[in-house]
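These notes concern the structure reproduced below.
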Amino acid sequence: MSWWALLPGAAALAALAAVPGVLALRVLGVRGLAALAGGVPVTVAGLGVLSIAYAPLGVPWRLPAVLVGLAALLAAAWALGRLVGRADGATRLTAPSAVPDDGARSAAPPTGLDDVTWRPGPLGTRSAAAVAAAVLAGFLLLAAPFVAALPSPDAPLQQWDGVFHLNALVTVRDTATATPLGGLAPLYGDGTLAPYYPTGWHALMAVAPGLASVPAATNVGILVLGVGVWLVGLAGLAREVFARQALPAVLAPLLAASFVAFPAVQLGVLGQLAHGLSTALLPGALLLVVRAVRAAECRAGWGPVACHAVAAVVAVGGVVVAHASGIFSLAVLAGPVVAGAVLAWAVRRVRGGRRVLGVGAVVALTGVVVAGPVVAANLDALSVVVGFERASGRTHAAALREVLFDQTLTFDYAHDGVWQHLAITAATLAGGVLLLLRRRHRWLVVAFVLAVGLAVLASGPEDHPLRWLAGFWYTQAGRIAPVAVVPAVLLAAVALAALVRWARARSAAGVALAAVLALVAVSVAVRLPLQHGVAASAYAPSELAWGTMATDEELAMMRRAARVLPADAVVVGDPFNGSALLPAVAGVDVVFPQLGPSGMSDAQVVLREGLSDVHDDPAVCAALADVGATHLYQDTALEADGAKRGPPTRAMEDVDVSTGFVEVESAGTAAIYRIEVCD
């Protein structure tokens, strides 16, 4: 299999993810780069609605049914746009800082949304071409080390979360059910446990045409959704926030290519495909929130405000469909701009003589900001997430350095990572200072400080009294650091753009622009080896961060087994030693499709705790019969050999295969046997 052969499938996936959402936004009046950046979150929201609606109706989750459902949702969006008036009904309005409100004027709105238009005008031809070229360059810079690090296009992720998501995609394809309300039940024991689990990633990838191989489809999805959508979203967000300038939108995707926190670490090292999709959707959703706030502040009229509010709510829904934790990430990013808008409204009311109303709004806002996290942390539905215990041996200073210099979970590949990212970090901090001094877009600085602070709490000492705030992300810096990248990219972009404007006033704009682009290019280039190493730590058997589940030889054996094993074969074996990869790699059923013990049946517990006693304990044979196991997968590699070993499953290792087992396939230290011992 070659990457070139996957290009048609990648193009089809991109179209499926973007086109429905872009069309929905266009009928609401959102156009241009904003529609392209916000389209995918809207599409994912639509898929979430359909996945929940189709399951009880018995509608199979197949591409034709999904397209029909998306068309129906698009028609509903069109009807809504006709009902309330499209969002482009007004084109140029005056900002609230220049319009009296109840007889009061203010020098600048507290939100810092200071542009005199409530939405940016269209990009000129040259600027649009420059943004497109920057997005393409950023994509190639992130994709090249990823592609080079993979042993093959269909190499599977060999991480804890990665294995789960590979087999979750298999499950959605096999069952034609994509609902998050129990759709992944086959992954949990005997299927009687049907917990909620976000399926936005799996729902989209399951119906992507032209991508039959689950590992190959996953890798294409990382490139299209994790890289492409992310970069377009950042470019659109930069254009939306800094509406008077085009240069930040050009610089944003280039600057993003210098970071490894996302997509490399979250989608690769951690294998968090569902949460990673949620992260990739953040810029596009934040863009629509910012535009809705700006339209409301500028009093753009009922139609535009309503349409933008609907677009923002739907996009936020897409982030939540991808992963519920995305709502907390959006709270960090969008919370400051929304809170600033409420505060601006309250200030205008107080200055206009309506003090009770204004003060009441401030009190309510303070209550939400202070009490909201406390209430959420004590909800039963979030107890498992917030209460997740994660040890840390870092000091706060070390944790801060890791986040600021983009070194979270880079392991031994970081090397001289501080100096490599020094220029980008300096530009980010300079951008923050610049916006504070200008009193513009200060919400970006607040969002950056919040995200960095939460990541530091997650990585820092366990006894800090506020560390529980990081619990909304499972107290893992690798989930929070990507959130900080969003404002960091915009802050660095505005600082470098300001440098070019300063030089333009001195007739040296060309030299300054060349110097800025060279600085960004060097900052990205020096991190290419790090990008490659991080990707290899999730895919290359000899470089895996947490042990190798299957070598290249063993993966080839699994693919051969797909042709050798009977269609009704069910394989039992320690999931850590590679057997859990069989469904995704070979399409073969296994007894343990994930590495965790969630929802195991009684028979699975017996096998997990005593499979190696199969010759002596009749209960083991009874359990094998109960789960329908026909074959055994065993790998004798040890941790000293670089193998991934799970202490809770040690009782499944070292099964005596000298009698009662017939070898079917073998490679390296692994083999698949037909079980005859219980006959």
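Each chain in the structure tokens gets a letter, A, B and so on, in the order shown; residues start at 1 in every chain, and ligands are counted from 1 in the order they appear.
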I'd like the neighbourhood of A:Ala458 as a PyMOL selection string, where a residue qualifies if any of its atoms comes within 10 Å (using only C-alpha atoms), though same-chain residues fewer than 6 positions away should be ignored. chain A and resi 390-392+394+396+399+452+464+466-471+473-481
At a cut-off of 12 Å, using only C-alpha atoms, what residues contact stretch 593-598 of chain A? Leave out same-chain residues fewer than 4 positions from it and give the result as a PyMOL selection string. chain A and resi 158-171+184-195+549+570-584+587-589+602+604-605+607-609+644-649
Quick one: of A:Pro215, A:Gly48, A:Pro20, A:Pro120, who's nearest to A:Leu74, counting only C-alpha atoms? A:Pro20
Between A:Leu251, A:Val445, A:Leu490, A:Leu36, smallest distance to A:Gly233 by only C-alpha atoms belongs to A:Leu36
Env of A:Ala134: 12 Å cut, atoms = only C-alpha atoms, seq-sep filter 3 positions within chain, self excluded. Answer as an mmCIF file with C-alpha atoms, in the first residue's frame.
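Saved to out_12.cif:
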data_model
loop_
_atom_site.group_PDB
_atom_site.id
_atom_site.type_symbol
_atom_site.label_atom_id
_atom_site.label_comp_id
_atom_site.auth_asym_id
_atom_site.auth_seq_id
_atom_site.Cartn_x
_atom_site.Cartn_y
_atom_site.Cartn_z
ATOM 1 C CA SER A 127 -4.171 37.739 0.274
ATOM 2 C CA ALA A 128 -6.380 34.701 -0.316
ATOM 3 C CA ALA A 129 -3.629 33.086 -2.373
ATOM 4 C CA ALA A 130 -1.100 33.836 0.374
ATOM 5 C CA VAL A 131 -3.311 32.267 3.053
ATOM 6 C CA ALA A 137 2.987 24.821 3.396
ATOM 7 C CA GLY A 138 2.001 24.221 7.017
ATOM 8 C CA PHE A 139 0.261 21.000 6.024
ATOM 9 C CA LEU A 140 3.318 19.697 4.185
ATOM 10 C CA LEU A 141 5.616 20.637 7.056
ATOM 11 C CA GLY A 228 -5.699 20.027 7.600
ATOM 12 C CA LEU A 231 -4.515 24.653 10.111
ATOM 13 C CA VAL A 232 -7.505 25.981 8.175
ATOM 14 C CA LEU A 234 -6.253 28.641 12.821
ATOM 15 C CA ALA A 235 -5.934 30.671 9.616
ATOM 16 C CA GLY A 236 -9.640 31.497 9.711
ATOM 17 C CA ALA A 246 -4.293 39.601 6.400
ATOM 18 C CA LEU A 247 -0.747 38.808 7.550
ATOM 19 C CA PRO A 248 -1.723 37.055 10.827
ATOM 20 C CA ALA A 249 -3.883 34.639 8.816
ATOM 21 C CA VAL A 250 -0.847 33.872 6.651
ATOM 22 C CA LEU A 251 1.485 33.410 9.602
ATOM 23 C CA ALA A 252 -0.854 31.327 11.801
ATOM 24 C CA PRO A 253 -0.670 28.003 9.895
ATOM 25 C CA LEU A 254 3.087 28.396 9.449
ATOM 26 C CA LEU A 255 3.610 29.042 13.148
ATOM 27 C CA ALA A 256 1.357 26.097 14.027
ATOM 28 C CA ALA A 257 3.696 23.801 12.087
ATOM 29 C CA LEU A 517 9.189 34.422 7.144
ATOM 30 C CA VAL A 520 9.322 31.113 11.057
ATOM 31 C CA ALA A 521 10.865 28.794 8.466
#
So what do you get for atom CA of A:Leu499 versus atom CA of A:Pro482, distance-wise?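 Interatomic distance here is 26.0 Å.
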Looking at only C-alpha atoms, which of A:Ala643, A:Ala361, A:Leu450, A:Ala427 is the one that sits closest to A:Phe328?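 The answer is A:Leu450, which sits nearest to A:Phe328.
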Which is closest to A:Ala149 among A:Gly367, A:Gly268, A:Gly276, A:Gly326, if we use only C-alpha atoms?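 Among the listed residues, the smallest separation from A:Ala149 belongs to A:Gly268.
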When distances are computed from only C-alpha atoms, which of A:Leu333, A:Ala447, A:Pro566, A:Ser523 shows the smallest separation from A:His421?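 Looking at the shortest contact to A:His421, the residue is A:Ser523.
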Any idea what the distance is between atom CA of A:Arg126 and atom CA of A:Gln245?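 Answer for the atom CA of A:Arg126 to atom CA of A:Gln245 separation: 13.0 Å.
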So that I can see what lies close to A:Trp302, please list as a list in words the residues with an atom at most 9 Å from it, counting only C-alpha atoms and leaving out residues fewer than 4 positions away in the same chain.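 Close residues of A:Trp302: Val84, Gly85, Ala296, Ala306 and Cys307 of chain A.
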Would you save the residues of that selection, restricted to C-alpha atoms, as a PDB file, in the first residue's frame?
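What landed in again_18.pdb:
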ATOM      1  CA  VAL A  84     -34.732  34.886  10.711  1.00  0.00           C
ATOM      2  CA  GLY A  85     -32.768  36.550   7.919  1.00  0.00           C
ATOM      3  CA  ALA A 296     -24.169  41.122  19.188  1.00  0.00           C
ATOM      4  CA  ALA A 306     -29.573  35.016  15.523  1.00  0.00           C
ATOM      5  CA  CYS A 307     -27.891  33.260  12.595  1.00  0.00           C
TER       6      CYS A 307
END
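With distances restricted to only C-alpha atoms, A:Gly9 is the closest residue to A:Val224 from A:Gly9, A:Gly69, A:Pro541, A:Pro122.
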